[in-house]
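Written out below as structure tokens is the structure these notes cover.
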Amino acid sequence: MIELTIDKKKVRVEQGTTILKAAQQVGIEIPTLCHFELCDMGIENRPGGCRVCVVEVEGRRNLAPSCITEAEDGMVVKTHNIRVLNARTTVLKLIISDHPFNCLVCAKSGHCELQSLATQFGIRSLPYEGEQSHYRKDTSPSIIRDVDKCIMCRRCEMMCNEVQTVGALAAVNRGFMSVVAPAFEMNLVDSPCTYCGQCVSVCPTGALTEVDHTNDIIRALSDPAKTVVVQTAPAVRAALGEEFGLDPGTLVTGKMVAALREMGFDYVFDTDFSADLTIMEEGTELLQRIRGHLAGDSSVRLPILTSCCPGWVNFFEHNFPDLLDVPSTAKSPQQMFGAIAKSWFAGKIGVNRKDLIVVSIMPCLAKKYECQRDEFKTDGSPDVDFSISTRELAAFIKQANIDFLNLPDEDFDDPLGESSGAGVIFGNTGGVIEAACRTAYELHTGKALKKVDFHELRGVEGIRSAVIDFDGLKLNIGIAHGLGNARKLLDEVRAGTSHYHAIEIMACPGGCIGGGGQPYHHGHSEILAKRAAAIYAEDERKPIRKSHENPSIIRLYDEFLGHPGSQKSHSLLHTEYFPKSNEVSIYLNGHNGK
Amino acid sequence: MSQYNTHLLVCAGTGCHSSESSLVYEMLRDEIMRKGLDKDVQIIRTGCFGFCEKGPIVKILPDNTFYTQVKPADAKEIVDEHIIKGRKVTRLLYTDPETAEHILDSRHMGFYKKQLRIALRNCGIIDPENIDESIARDAYQALGKVLTGLTPQETTEVIKKSGLRGRGGAGFPTGLKWEFTARNKAVQKYVVCNADEGDPGAFMDRSILEGDPHSVLEAMAICGYCIGATKGLIYIRAEYPMAIKRLKIAIAQARELGLLGEHIFGTGFCFDISLKYGAGAFVCGEETALIHSMEGKRGEPSSKPPFPAQCGYLGKPTCVNNVETFANIPVIILRGADWFSGIGTEKSKGTKVFALAGKINNVGLIEVPMGTTLREIIFEIGGGVKNGKKFKAVQTGGPSGGCLTEKHLDTPIDYESLLAAGSMMGSGGMIVLDEDDCMVSVAKFYLDFIVEESCGKCAPCRIGNKRLYETLERITAGKGVQEDIEKLKNLGSVIKDTSLCGLGQTAPNPVLSTLGNFMEEYMEHVHDKKCRSGQCRNLLYYVISEENCIGCMACKRVCPTHAISGEKREVHQINQDICIKCGACMEKCQFDAISLQNDYPRVTVMANC
């Protein structure tokens with residue numbers, strides 16, 4: 001332990017603690033901008049670039065950035081004398097001087113960390129106005145890059161490279177024109193971007209935001225010829241309340257349903273329903289593959305990988321095109337919902353496919369891309385028409401002038417609104433594989449599970465593994481969240497050294513509760529923990545907790561699909577994957593070839 | 001072994017090379033062959049003599065004849081007259097600008113008299129592409145001495161005692177750096193030679209690598225021995241092709257003789273060197289940025305600590321030293337710490353190489369003991385200000401250094417005194433400015449370079465320097481206001497105080513030092529809209545003389561902005577607010593009535609009022 005003095009307060013900290021953290025221990029919050037942390041997950045960005053957190057350290061010539069300067073024994077630090085305050089304010093004014101002033105119409109207004117700092121510092125004038133840097137705006141199916149607003153905090157770069165190992169974004173250019181962008185001025189769509197949206201979730205300003213589809217939905221809702229159906233993903237209900245000032249982890253399922261109904265959706269359904277459906281298909285495939293493997297069928301690929309995360313699907317299509325037969329062929333719950341809604345359900349209510357609009361509310365930005373994929377269209381019309389994020393829904397509710405907090409709790413509509421607890425836990429890392437185990441165990445053994453909760457599959461570690469005993473059949477289960485962790489497991493699969501039978505992968509740290517479309521957590525990882533707890537709480541409250549016991553699922557198979565893995569299931573609920581070359585390699589190969 | 005009576009040394013440094021010195025060499029060689037003198041006369045291509053002002057240089061030994069600005073066509077005359085008949089070619093001899101005398105022996109040249117060449121000891125003397133010539137000048141003797149007679153600790157102690165400090169700019173004690181790196185235990189460590197010379201006008205590192213590559217290779221091996229590294233890397237900018245070529249030859253020759261590679265001098269010490277090329281970013285001279293660039297990452301610095309000595313190239317302890325620093329090492333080992341520390345000032349030992357440029361008679365590369373005054377350098381070695389103009393300032397320390405004035409001329413130069421005077425040593429650039437230079441424009445020039453070369457990582461350097469530049473631009477355009485001066489001061493001090501690396505921390509120096517020393521020029525620009533040296537185009541005014549103007553209307557007709565008023569046969573006037581200073585009027589006027597002046601014209605009473 002070492003002892004230092006910060007603003008005349010003595011503080012004892014471990015060797016290696018930064019001044020920023022040491023100050024927090026004595027209640028001194030030094031403002032930061034580029035620094036970002038999700039400490040539970042070991043994610044940290046501290047390039048020391050913004051220089052907003054500078055402090056004066058006695059005996060040092062220059063001011064020190066507190067986020068990267070380690071505390072030393074006997075150090076005397078001043079965090080708010082005139083020199084420090086003038087430097088901080090001047091630096092902030094400089095940053096603002098190269099930032100567009102159109103806050104009123106910025107998607108990030110109200111959530112922007114630069115705006116908050118400007119308020120905190122009481123910035124009233126900009127003495128250092130001058131040229132502003134301008135760049136091309138880039139729109140992809142999921143993400144808009146408006147990098148005139150980029151402040152070079154490098155958070156997105158850290159997320160994209162270190163956490164996700166996607167490598168779509170990095171600093172380019174020099175000096176005043178430096179900015180974070182795909183290489184070679186590529187568009188995001190041509191880059192290896194997976195649309196996981198983690199860059200958006202950490203961007204402090206409006207430089208990276210989601211493509212907003214709210215207006216498309218308003219247009220559909222106002223068209224009397226259209227029947228508009230909405231599905232809500234499990235993780236949305238655990239986070240939506242945050243946008244209305246509720247404590248993180250407050251479940252707002254009933255209010256969300258009520259709000260959607262009030263907004264004019266004809267049917268308010270639940271993606272949890274199709275999550276149960278996913279388990280039926282994926283669980284069956286899992287058992288089939290394992291049984292085939294045990295029977296010595298060499299054509300069977302193991303491990304089986306979950307496939308409900310579209311960011312993850314994009315990732316393996318880009319990076320592991322040689323392993324496309326490894327993931328489950330089951331579509332994601334969003335797409336299974338769309339397929340069933342526009343076939344079985346449309347038939348049930350006697351509405352033409354073309355008059356049925358399916359909207360999804362997702363914690364995810366990759367879902368926007370997923371629902372536009374060609375293989376999820378019938379005659380050019382998509383199974384899911386529009387996907388909006390939790391954030392967009394919140395903004396939509398506010399825009400519609402709905403008093404969200406005082407809404408009564410309402411229930412989902414039938415039949416696509418009924419779900420089991422297994423469907424709910426899809427929102428957490430480990431949830432899909434836990435749900436699959438609940439069903440696969442009972443289908444395989446024919447026995448009822450004594451304990452539904454598989455605690456060994458839960459947690460926040462990036463890569464987890466567990467052995468699940470299926471009554472003598474010991475299954476090695478792997479779990480990874482964050483694409484960097486996924487890459488490690490996939491490298492093992494590619495090398496033939498993986499010992500897993502099944503692996504669950506979620507692109508976002510924490511799973512869908514930490515998705516790129518969720519309310520901004522601003523680096524507070526306890527928010528993610530509370531959302532996860534809320535999801536498990538909802539599961540526990542559910543009378544039915546196994547997908548195969550969901551009565552609506554049973555009815556769907558009885559009335560329409562036959563059985564899991566049937567021909568009809570295959571045509572509606574399963575998909576295939578395509579290798580994606582990325583433009584960087586084309587570019588480089590092209591040049592090498594010449 | 002051949003014995004030659006006469007040696008012809010032809011400078012083959014980049015400067016002379018680009019003035020056709022290689023053709024001079026070939027013509028001389030052919031002429032010597034033709035006359036059958038090749039047994040008697042040896043001709044070699046050497047590194048830089050430093051006297052670049054008058055290149056290409058041909059020096060003839062043993063009598064130290066120093067021919068300047070030699071053209072290929074002069075080869076025949078040199079051989080016929082000098083070699084065969086023993087008569088010096090007077091027209092090619094260096095002429096002292098003061099006495100107008102031809103200098104017969106180069107040792108009597110003012111340019112060389114006050115120099116002490118340690119780092120440059122072999123430049124202009126040996127053929128850098130022939131290791132034998134280096135060995136004849138004691139190359140690898142120091143390495144042999146330490147490997148066979150001194151422990152790494154003892155060797156480091158010698159360097160520490162010598163007082164040698166980093167010549168790249170920061171002046172960190174070299175021995176201490178070695179000791180820190182040695183102290184960090186690791187399976188693999190690295191010695192890195194920083195040859196990313198980026199200061200505009202500085203070329204000492206290039207000259208050493210081109211003229212005496214073995215001194216650097218040897219020093220790197222000694223450093224490797226001291227810190228426990230077996231691998232050395234030279235980070236050199238790709239736009240130094242000649243230095244790269246000579247380094248490659250030198251490395252190959254040293255390997256062949258077992259002076260690099262396995263078991264050097266039959267000891268257990270193994271050391272090898274490879275090259276890494278930089279793309280010419282100024283910031284990559286900063287050691288952490290340099291290391292990132294070598295690793296294939298974006299060339300931008302990171303916060304220290306951790307220092308490269310702890311966590312450097314590929315995460316391993318790394319000792320980064322500059323070319324000139326390394327070039328001093330072998331001599332220190334051979335001649336001893338006491339000899340070296342006997343040269344220089346109390347805290348700055350040894351010599352320093354400076355690149356003299358700007359408005360100075362002897363542009364070139366010089367090496368002087370620390371403590372030499374600016375006056376000695378500029379007026380004795382440098383031969384004074386060009387064209388008899390008045391000395392105004394000298395800019396030292398490269399783009400992030402500062403401007404020193406008349407009052408600093410007698411300051412003995414070392415790391416401390418330059419810092420105290422508001423400038424810095426930097427890598428040793430020295431640019432002389434005369435009365436025709438506008439100090440605001442000079443500051444703007446350097447800021448322009450910094451804005452271009454900032455890596456963009458930290459906000460104060462990325463945006464702050466741009467804003468400084470824009471403010472200077474406004475001032476030189478005549479749009480400055482008093483508030484701008486305050487802005488420059490505050491912004492400059494905050495950028496220094498908050499930037500991440502040395503580049504940003506020193507970037508405002510040109511502005512702050514000119515504000516300190518030449519405030520009156522800033523004030524003139526801001527308040528009087530006047531640039532006394534006439535460099536700021538927007539602060540020049542076309543004025544019609546009442547005496548000469550006959551009112552012919554010729555100027556009025558050509559003025560593209562209708563800025564000229566006045567009726568026929570009346571004196572015309574130029575409205576300065578509309579004038580775009582194109583000069584068309586002055587060109588048209590046949591009566592010398594229009595002139596360009598740098599004082600804002602007083603409003604004259606119209607003739608017809």
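We label chains A, B, ... in the order they appear in the structure tokens, count residues from 1 in each chain, and number ligands from 1 in the order shown.
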Each residue of chain A with at least one atom at most 7 Å from chain B should appear once, together with its nearest atom pair and the corresponding distance in Å (one decimal); atoms considered: only C-alpha atoms; ordering: chain, then increasing residue number; output as CSV.
```
residue,atom,partner,partner_atom,distance
A:Gly49,CA,B:Cys458,CA,4.0
A:Cys50,CA,B:Ala459,CA,5.2
A:Arg51,CA,B:Thr498,CA,6.4
A:Asn62,CA,B:Asp497,CA,4.8
A:Leu63,CA,B:Asp497,CA,5.6
A:Ala87,CA,B:Val494,CA,5.5
A:Val91,CA,B:Pro460,CA,5.9
A:Leu94,CA,B:Ile463,CA,6.1
A:Ile95,CA,B:Ala459,CA,6.5
A:Tyr128,CA,B:Arg467,CA,6.4
A:Gly130,CA,B:Arg467,CA,6.5
A:Arg174,CA,B:Cys455,CA,4.9
A:Gly175,CA,B:Gly456,CA,3.9
A:Phe176,CA,B:Arg462,CA,5.1
A:Ser178,CA,B:Gly456,CA,5.5
```
Just write the chosen residues, C-alpha atoms, as a PDB file, in the first residue's frame.
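Dumped everything to selection10.pdb:
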```
ATOM      1  CA  GLY A  49      -5.805  11.477 -25.296  1.00  0.00           C
ATOM      2  CA  CYS A  50      -8.434  13.986 -24.252  1.00  0.00           C
ATOM      3  CA  ARG A  51      -6.408  15.522 -21.405  1.00  0.00           C
ATOM      4  CA  ASN A  62       3.607  19.251 -16.716  1.00  0.00           C
ATOM      5  CA  LEU A  63       0.084  18.432 -15.664  1.00  0.00           C
ATOM      6  CA  ALA A  87      -6.084  23.799 -18.556  1.00  0.00           C
ATOM      7  CA  VAL A  91      -8.804  21.783 -23.555  1.00  0.00           C
ATOM      8  CA  LEU A  94     -10.643  23.286 -27.946  1.00  0.00           C
ATOM      9  CA  ILE A  95     -12.447  19.978 -28.331  1.00  0.00           C
ATOM     10  CA  TYR A 128     -10.898  29.288 -30.001  1.00  0.00           C
ATOM     11  CA  GLY A 130     -11.696  28.057 -36.195  1.00  0.00           C
ATOM     12  CA  ARG A 174      -2.824  12.701 -38.879  1.00  0.00           C
ATOM     13  CA  GLY A 175      -3.107  15.787 -36.758  1.00  0.00           C
ATOM     14  CA  PHE A 176      -6.209  17.902 -37.116  1.00  0.00           C
ATOM     15  CA  SER A 178      -7.220  12.383 -37.618  1.00  0.00           C
TER      16      SER A 178
END
```
*Give the helix (DSSP H, G or I) residues of region 23-267 of chain A, as DSSP finds them on the backbone, and put them as a PyMOL selection string.*
chain A and resi 23-25+39-41+82-97+103-105+113-121+147-149+155-163+175-177+183-185+188-190+198-202+214-221+234-237+240-244+253-263
*Gln3 (chain B) surroundings by only C-alpha atoms, 10 Å radius, close-in-sequence under 5 positions cut, as a list in words*: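 Once the adjacent positions are removed, what remains is Lys39, Asp40, Val41 and Gln42 of chain B.
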So that I have them on file, write out the residues from the current selection with C-alpha atoms, as a compact mmCIF listing (two decimals), in the first residue's frame.
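Written out: out.txt:
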```
# COMPACT_ATOMS: atom_id res chain seq x y z
CA LYS B 39 49.25 3.35 -58.42
CA ASP B 40 50.19 6.65 -56.92
CA VAL B 41 46.92 8.41 -56.34
CA GLN B 42 43.99 6.97 -54.46
```
*Skipping near chain neighbours, those fewer than 6 positions away, what residues fall within 10 Å of Val216 (chain B) using only C-alpha atoms, listed as number ranges by chain?*
B: 119, 139, 193, 208-209, 222, 234, 247, 322-330
